[in-house]
Each structure stands twice: as structure tokens, then as C-alpha cells.
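Participant: Quick one, data-v8.cif (mmCIF, C-alpha atoms, pLDDT in the B column; chains and numbers go by the auth columns):
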```cif
data_data
loop_
_atom_site.group_PDB
_atom_site.id
_atom_site.type_symbol
_atom_site.label_atom_id
_atom_site.label_comp_id
_atom_site.label_asym_id
_atom_site.label_seq_id
_atom_site.Cartn_x
_atom_site.Cartn_y
_atom_site.Cartn_z
_atom_site.B_iso_or_equiv
_atom_site.auth_seq_id
_atom_site.auth_asym_id
ATOM 1 C CA MET A 1 0.000 0.000 0.000 50.00 1 A
ATOM 2 C CA ILE A 2 2.728 2.444 0.906 68.00 2 A
ATOM 3 C CA ALA A 3 4.517 1.740 -2.376 62.00 3 A
ATOM 4 C CA THR A 4 1.261 2.285 -4.269 67.00 4 A
ATOM 5 C CA ASP A 5 0.642 5.612 -2.519 67.00 5 A
ATOM 6 C CA LEU A 6 4.219 6.683 -3.192 63.00 6 A
ATOM 7 C CA ALA A 7 3.861 5.718 -6.856 64.00 7 A
ATOM 8 C CA ARG A 8 0.690 7.795 -7.108 69.00 8 A
ATOM 9 C CA GLN A 9 2.256 10.766 -5.346 74.00 9 A
ATOM 10 C CA ALA A 10 5.594 10.644 -7.181 74.00 10 A
ATOM 11 C CA PRO A 11 4.456 12.681 -10.214 73.00 11 A
ATOM 12 C CA ARG A 12 2.928 15.297 -7.910 75.00 12 A
ATOM 13 C CA LEU A 13 6.114 15.489 -5.830 77.00 13 A
ATOM 14 C CA ILE A 14 8.261 15.830 -8.954 79.00 14 A
ATOM 15 C CA ILE A 15 6.034 18.545 -10.413 78.00 15 A
ATOM 16 C CA HIS A 16 6.000 20.488 -7.140 75.00 16 A
ATOM 17 C CA GLY A 17 9.788 20.141 -6.883 80.00 17 A
ATOM 18 C CA TYR A 18 10.287 21.587 -10.368 79.00 18 A
ATOM 19 C CA ALA A 19 7.838 24.382 -9.619 78.00 19 A
ATOM 20 C CA ARG A 20 9.711 25.325 -6.440 80.00 20 A
ATOM 21 C CA ALA A 21 13.019 25.224 -8.296 81.00 21 A
ATOM 22 C CA ALA A 22 11.634 27.522 -11.018 78.00 22 A
ATOM 23 C CA ARG A 23 10.413 29.985 -8.401 78.00 23 A
ATOM 24 C CA VAL A 24 13.839 30.490 -6.775 80.00 24 A
ATOM 25 C CA PRO A 25 15.463 32.640 -9.493 82.00 25 A
ATOM 26 C CA LEU A 26 12.184 34.431 -10.087 76.00 26 A
ATOM 27 C CA GLY A 27 11.877 35.261 -6.376 78.00 27 A
ATOM 28 C CA VAL A 28 15.451 36.557 -6.304 81.00 28 A
ATOM 29 C CA ALA A 29 14.818 38.707 -9.380 80.00 29 A
ATOM 30 C CA ALA A 30 11.618 40.077 -7.845 78.00 30 A
ATOM 31 C CA ARG A 31 13.415 41.058 -4.631 82.00 31 A
ATOM 32 C CA VAL A 32 16.379 42.586 -6.470 84.00 32 A
ATOM 33 C CA LEU A 33 14.120 44.588 -8.776 83.00 33 A
ATOM 34 C CA GLY A 34 11.789 45.577 -5.933 83.00 34 A
ATOM 35 C CA HIS A 35 8.632 43.974 -7.285 77.00 35 A
ATOM 36 C CA PRO A 36 5.995 42.379 -5.062 72.00 36 A
ATOM 37 C CA GLU A 37 6.395 38.773 -6.179 66.00 37 A
ATOM 38 C CA PRO A 38 2.753 37.553 -6.144 72.00 38 A
ATOM 39 C CA THR A 39 1.514 40.341 -8.433 74.00 39 A
ATOM 40 C CA TRP A 40 4.617 40.768 -10.606 78.00 40 A
ATOM 41 C CA GLY A 41 3.924 39.856 -14.239 80.00 41 A
ATOM 42 C CA PRO A 42 6.546 37.093 -14.554 82.00 42 A
ATOM 43 C CA SER A 43 5.388 35.556 -11.258 82.00 43 A
ATOM 44 C CA LEU A 44 1.804 35.579 -12.469 84.00 44 A
ATOM 45 C CA ALA A 45 2.855 33.994 -15.751 86.00 45 A
ATOM 46 C CA LEU A 46 4.760 31.248 -13.946 85.00 46 A
ATOM 47 C CA GLU A 47 1.783 30.626 -11.649 87.00 47 A
ATOM 48 C CA GLN A 48 -0.473 30.320 -14.691 91.00 48 A
ATOM 49 C CA VAL A 49 1.926 27.906 -16.440 89.00 49 A
ATOM 50 C CA GLU A 50 2.372 25.805 -13.307 90.00 50 A
ATOM 51 C CA GLY A 51 -1.397 25.556 -12.965 92.00 51 A
ATOM 52 C CA LEU A 52 -1.772 24.547 -16.592 91.00 52 A
ATOM 53 C CA VAL A 53 0.966 21.890 -16.269 90.00 53 A
ATOM 54 C CA GLU A 54 -0.555 20.502 -13.064 90.00 54 A
ATOM 55 C CA ALA A 55 -4.063 20.417 -14.506 92.00 55 A
ATOM 56 C CA THR A 56 -2.900 18.795 -17.743 91.00 56 A
ATOM 57 C CA LEU A 57 -0.643 16.204 -16.094 88.00 57 A
ATOM 58 C CA GLY A 58 -3.290 15.507 -13.480 89.00 58 A
ATOM 59 C CA THR A 59 -5.760 14.746 -16.245 91.00 59 A
ATOM 60 C CA TRP A 60 -3.278 12.575 -18.179 89.00 60 A
ATOM 61 C CA LEU A 61 -2.205 10.697 -15.061 85.00 61 A
ATOM 62 C CA ARG A 62 -5.797 10.449 -13.822 88.00 62 A
ATOM 63 C CA ASP A 63 -4.750 12.177 -10.614 86.00 63 A
ATOM 64 C CA GLU A 64 -7.808 14.228 -9.774 91.00 64 A
ATOM 65 C CA ALA A 65 -6.104 15.933 -6.807 89.00 65 A
ATOM 66 C CA LEU A 66 -3.253 17.170 -9.026 88.00 66 A
ATOM 67 C CA ALA A 67 -5.699 18.289 -11.709 92.00 67 A
ATOM 68 C CA GLU A 68 -7.721 20.188 -9.096 94.00 68 A
ATOM 69 C CA GLU A 69 -4.574 21.816 -7.686 92.00 69 A
ATOM 70 C CA GLY A 70 -3.763 22.971 -11.198 93.00 70 A
ATOM 71 C CA ARG A 71 -7.214 24.440 -11.749 95.00 71 A
ATOM 72 C CA VAL A 72 -7.099 26.204 -8.374 95.00 72 A
ATOM 73 C CA ARG A 73 -3.640 27.600 -9.188 92.00 73 A
ATOM 74 C CA GLN A 74 -4.873 28.886 -12.559 94.00 74 A
ATOM 75 C CA GLU A 75 -7.882 30.543 -10.919 94.00 75 A
ATOM 76 C CA ARG A 76 -5.656 32.140 -8.280 91.00 76 A
ATOM 77 C CA ALA A 77 -3.314 33.430 -10.995 91.00 77 A
ATOM 78 C CA ALA A 78 -6.276 34.875 -12.908 92.00 78 A
ATOM 79 C CA GLU A 79 -7.584 36.582 -9.754 92.00 79 A
ATOM 80 C CA LEU A 80 -4.149 38.018 -8.939 88.00 80 A
ATOM 81 C CA ARG A 81 -3.767 39.247 -12.511 88.00 81 A
ATOM 82 C CA ALA A 82 -7.197 40.914 -12.386 90.00 82 A
ATOM 83 C CA ALA A 83 -6.317 42.541 -9.058 87.00 83 A
ATOM 84 C CA ALA A 84 -2.966 43.758 -10.409 84.00 84 A
ATOM 85 C CA GLU A 85 -4.653 45.169 -13.515 88.00 85 A
ATOM 86 C CA ALA A 86 -7.286 46.926 -11.398 90.00 86 A
ATOM 87 C CA GLU A 87 -4.561 48.380 -9.179 87.00 87 A
ATOM 88 C CA ALA A 88 -2.603 49.564 -12.218 86.00 88 A
ATOM 89 C CA GLU A 89 -5.741 51.139 -13.673 93.00 89 A
ATOM 90 C CA GLU A 90 -6.460 52.919 -10.388 93.00 90 A
ATOM 91 C CA ARG A 91 -2.861 54.145 -10.232 92.00 91 A
ATOM 92 C CA HIS A 92 -3.178 55.434 -13.802 94.00 92 A
ATOM 93 C CA LYS A 93 -6.419 57.255 -12.983 93.00 93 A
ATOM 94 C CA GLU A 94 -4.810 58.797 -9.890 94.00 94 A
ATOM 95 C CA GLU A 95 -1.859 59.996 -11.961 94.00 95 A
ATOM 96 C CA GLN A 96 -4.280 61.517 -14.459 94.00 96 A
ATOM 97 C CA ARG A 97 -6.170 63.274 -11.641 93.00 97 A
ATOM 98 C CA ASP A 98 -2.894 64.584 -10.216 91.00 98 A
ATOM 99 C CA ALA A 99 -1.786 65.829 -13.636 91.00 99 A
ATOM 100 C CA GLU A 100 -5.136 67.553 -14.187 92.00 100 A
ATOM 101 C CA ALA A 101 -4.991 69.166 -10.734 87.00 101 A
ATOM 102 C CA LYS A 102 -1.457 70.393 -11.462 86.00 102 A
ATOM 103 C CA ARG A 103 -2.564 71.762 -14.831 89.00 103 A
ATOM 104 C CA GLN A 104 -5.497 73.556 -13.193 87.00 104 A
ATOM 105 C CA ALA A 105 -3.210 75.006 -10.512 82.00 105 A
ATOM 106 C CA GLU A 106 -0.757 76.237 -13.152 83.00 106 A
ATOM 107 C CA LEU A 107 -3.609 77.759 -15.164 86.00 107 A
ATOM 108 C CA HIS A 108 -4.927 79.493 -12.046 84.00 108 A
ATOM 109 C CA ALA A 109 -1.449 80.793 -11.201 78.00 109 A
ATOM 110 C CA ALA A 110 -1.058 82.138 -14.742 79.00 110 A
ATOM 111 C CA LYS A 111 -4.414 83.930 -14.501 79.00 111 A
ATOM 112 C CA VAL A 112 -3.487 85.435 -11.130 76.00 112 A
ATOM 113 C CA GLU A 113 -0.116 86.585 -12.531 82.00 113 A
ATOM 114 C CA ALA A 114 -1.815 88.139 -15.571 77.00 114 A
ATOM 115 C CA LYS A 115 -4.229 90.014 -13.316 76.00 115 A
ATOM 116 C CA ALA A 116 -1.353 91.199 -11.127 73.00 116 A
ATOM 117 C CA ARG A 117 0.598 92.359 -14.196 76.00 117 A
ATOM 118 C CA LYS A 118 -2.463 94.188 -15.467 75.00 118 A
ATOM 119 C CA ALA A 119 -2.999 95.815 -12.066 70.00 119 A
ATOM 120 C CA ARG A 120 0.673 96.854 -11.891 69.00 120 A
ATOM 121 C CA LYS A 121 0.439 98.345 -15.380 73.00 121 A
ATOM 122 C CA ARG A 122 -2.753 100.147 -14.467 72.00 122 A
ATOM 123 C CA SER A 123 -1.110 101.394 -11.274 68.00 123 A
ATOM 124 C CA GLY A 124 1.928 102.497 -13.271 61.00 124 A
ATOM 125 C CA ASP A 125 -0.315 104.308 -15.764 62.00 125 A
ATOM 126 C CA ASP A 126 -2.067 106.011 -12.857 61.00 126 A
ATOM 127 C CA GLU A 127 1.309 107.041 -11.429 62.00 127 A
ATOM 128 C CA ASP A 128 2.395 108.319 -14.848 62.00 128 A
ATOM 129 C CA GLN A 129 -0.816 110.342 -15.111 67.00 129 A
ATOM 130 C CA SER A 130 -0.288 111.677 -11.591 66.00 130 A
ATOM 131 C CA LEU A 131 3.305 112.620 -12.409 62.00 131 A
ATOM 132 C CA ARG A 132 2.209 114.276 -15.647 68.00 132 A
ATOM 133 C CA ALA A 133 -0.510 116.174 -13.800 68.00 133 A
ATOM 134 C CA ALA A 134 1.971 117.260 -11.115 68.00 134 A
ATOM 135 C CA ALA A 135 4.498 118.282 -13.772 67.00 135 A
ATOM 136 C CA ALA A 136 1.828 120.195 -15.654 69.00 136 A
ATOM 137 C CA ALA A 137 0.739 121.923 -12.437 70.00 137 A
ATOM 138 C CA ALA A 138 4.325 122.788 -11.585 68.00 138 A
ATOM 139 C CA LEU A 139 4.885 124.108 -15.102 65.00 139 A
ATOM 140 C CA ALA A 140 1.709 126.136 -14.906 67.00 140 A
ATOM 141 C CA ALA A 141 2.746 127.498 -11.513 66.00 141 A
ATOM 142 C CA SER A 142 6.175 128.437 -12.795 66.00 142 A
ATOM 143 C CA ASN A 143 4.592 130.087 -15.840 65.00 143 A
ATOM 144 C CA GLU A 144 2.323 132.068 -13.541 66.00 144 A
ATOM 145 C CA ASP A 145 5.328 133.103 -11.456 62.00 145 A
ATOM 146 C CA GLU A 146 7.098 134.301 -14.612 61.00 146 A
ATOM 147 C CA VAL A 147 4.033 136.228 -15.729 57.00 147 A
ATOM 148 C CA GLN A 148 3.733 138.038 -12.440 59.00 148 A
#
```
Now that the file is in, can you turn its structure into C-alpha cells?
Facilitator:
Amino acid sequence: MIATDLARQAPRLIIHGYARAARVPLGVAARVLGHPEPTWGPSLALEQVEGLVEATLGTWLRDEALAEEGRVRQERAAELRAAAEAEAEERHKEEQRDAEAKRQAELHAAKVEAKARKARKRSGDDEDQSLRAAAAAALAASNEDEVQ
């Protein structure tokens, strides 16, 4: 009985051993590159392939437990991929909102600066008119002094 159980489990043990061995360099790469391993694209791809291999070999070997493990692994990979895509989409939308807010702030700042420039020009024109009026009054006063 023990030999029969071992013979039935041998393919599963071999497949799991190869899967673990394939994950080692991928895990190292994920850590070195700073990616969260479960949702990193290559990790998801490997998870999907491992699930497909397990499901296929489980079917061929008539090992229902191995086939089920493969299907579960494929479903988990699909769920992780969907979650990663949703997170990426949300991040993209947030970046777009931030860019739009920055654009609006820059537009507002430009409008405020234009109004300030216009006000300074108007103020300068008023000062010029005041200076001209004062100069004209002084000239008129000096003309009156010369006439007298």
C-alpha cells in the first residue's frame, strides 16, 4: 500500500519540486528589482503555467487531486492578474487626476499673474498720469510766477 501511494504521489512530488526550483530565481529577481512577487507579471505567468501543467498532467495521469490543484492555481493566478490590472488602472487614474490638478493650478497661477501684471500696469499708468498732472501743475505754476 505504501509503495502504491508513493507511486501515485511521485508525479505530484516531482512537479512540485520543479515548480519550487523555477520559483527560486524568479523570487530573487523580484526582490532585487523591488517587485511584489505575487503580483509581478513574470510571477503571475509562472503561476499560470504551473497551474496549466498541473491540470494537464493531473488529467493525463488520472490524478484528480493534481488536476484540481492545477485548476485552483490557474484561478488564483487569474484573480491576482485581475487585481494587479485593477490596481494599475487605479494608479493610472490617480496619476491623471494629479496631472489635471497640477494643470489647473498652473492655469490658475497664470491667470493670477496676468491680473497682477495688469494691475501693476494700471497702477503704473495712474502714477504716470499723476506725475504728468503734477508736472503740468508745476509748469503752470512756474509760468504764472514768470508772468507776475
Participant: Using the chain letters and numbers from the file, which residues does the PyMOL selection byres ((chain A and resi 54-57) around 9) grab, as number ranges by chain?
Facilitator: A: 11-12, 15-16, 49-53, 58-64, 66-74
Participant: How many Å lie between CA of His35 in chain A and CA of Glu95 in chain A, rounded to one decimal?
Facilitator: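 For CA of His35 in chain A relative to CA of Glu95 in chain A, the distance reads 19.7 Å.
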Participant: Report, in Å to a single decimal, how far apart CA of Gly17 in chain A and CA of Ala83 in chain A are.
Facilitator: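 These two atoms are separated by 27.7 Å.
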Participant: To one decimal place, how far is CA of His92 in chain A from CA of Ala29 in chain A in Å?
Facilitator: 25.0 Å
Participant: For Glu79 in chain A, which residue out of A:Leu33, A:Leu44, A:Lys118, A:Ala10 is the nearest one, using only C-alpha atoms?
Facilitator: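 Closest to Glu79 in chain A, using only C-alpha atoms: A:Leu44.
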Participant: Counting all atoms listed in the file, which residue out of A:Arg31, A:Arg23, A:Ala119, A:Glu47 sits closest to Leu80 in chain A?
Facilitator: A:Glu47
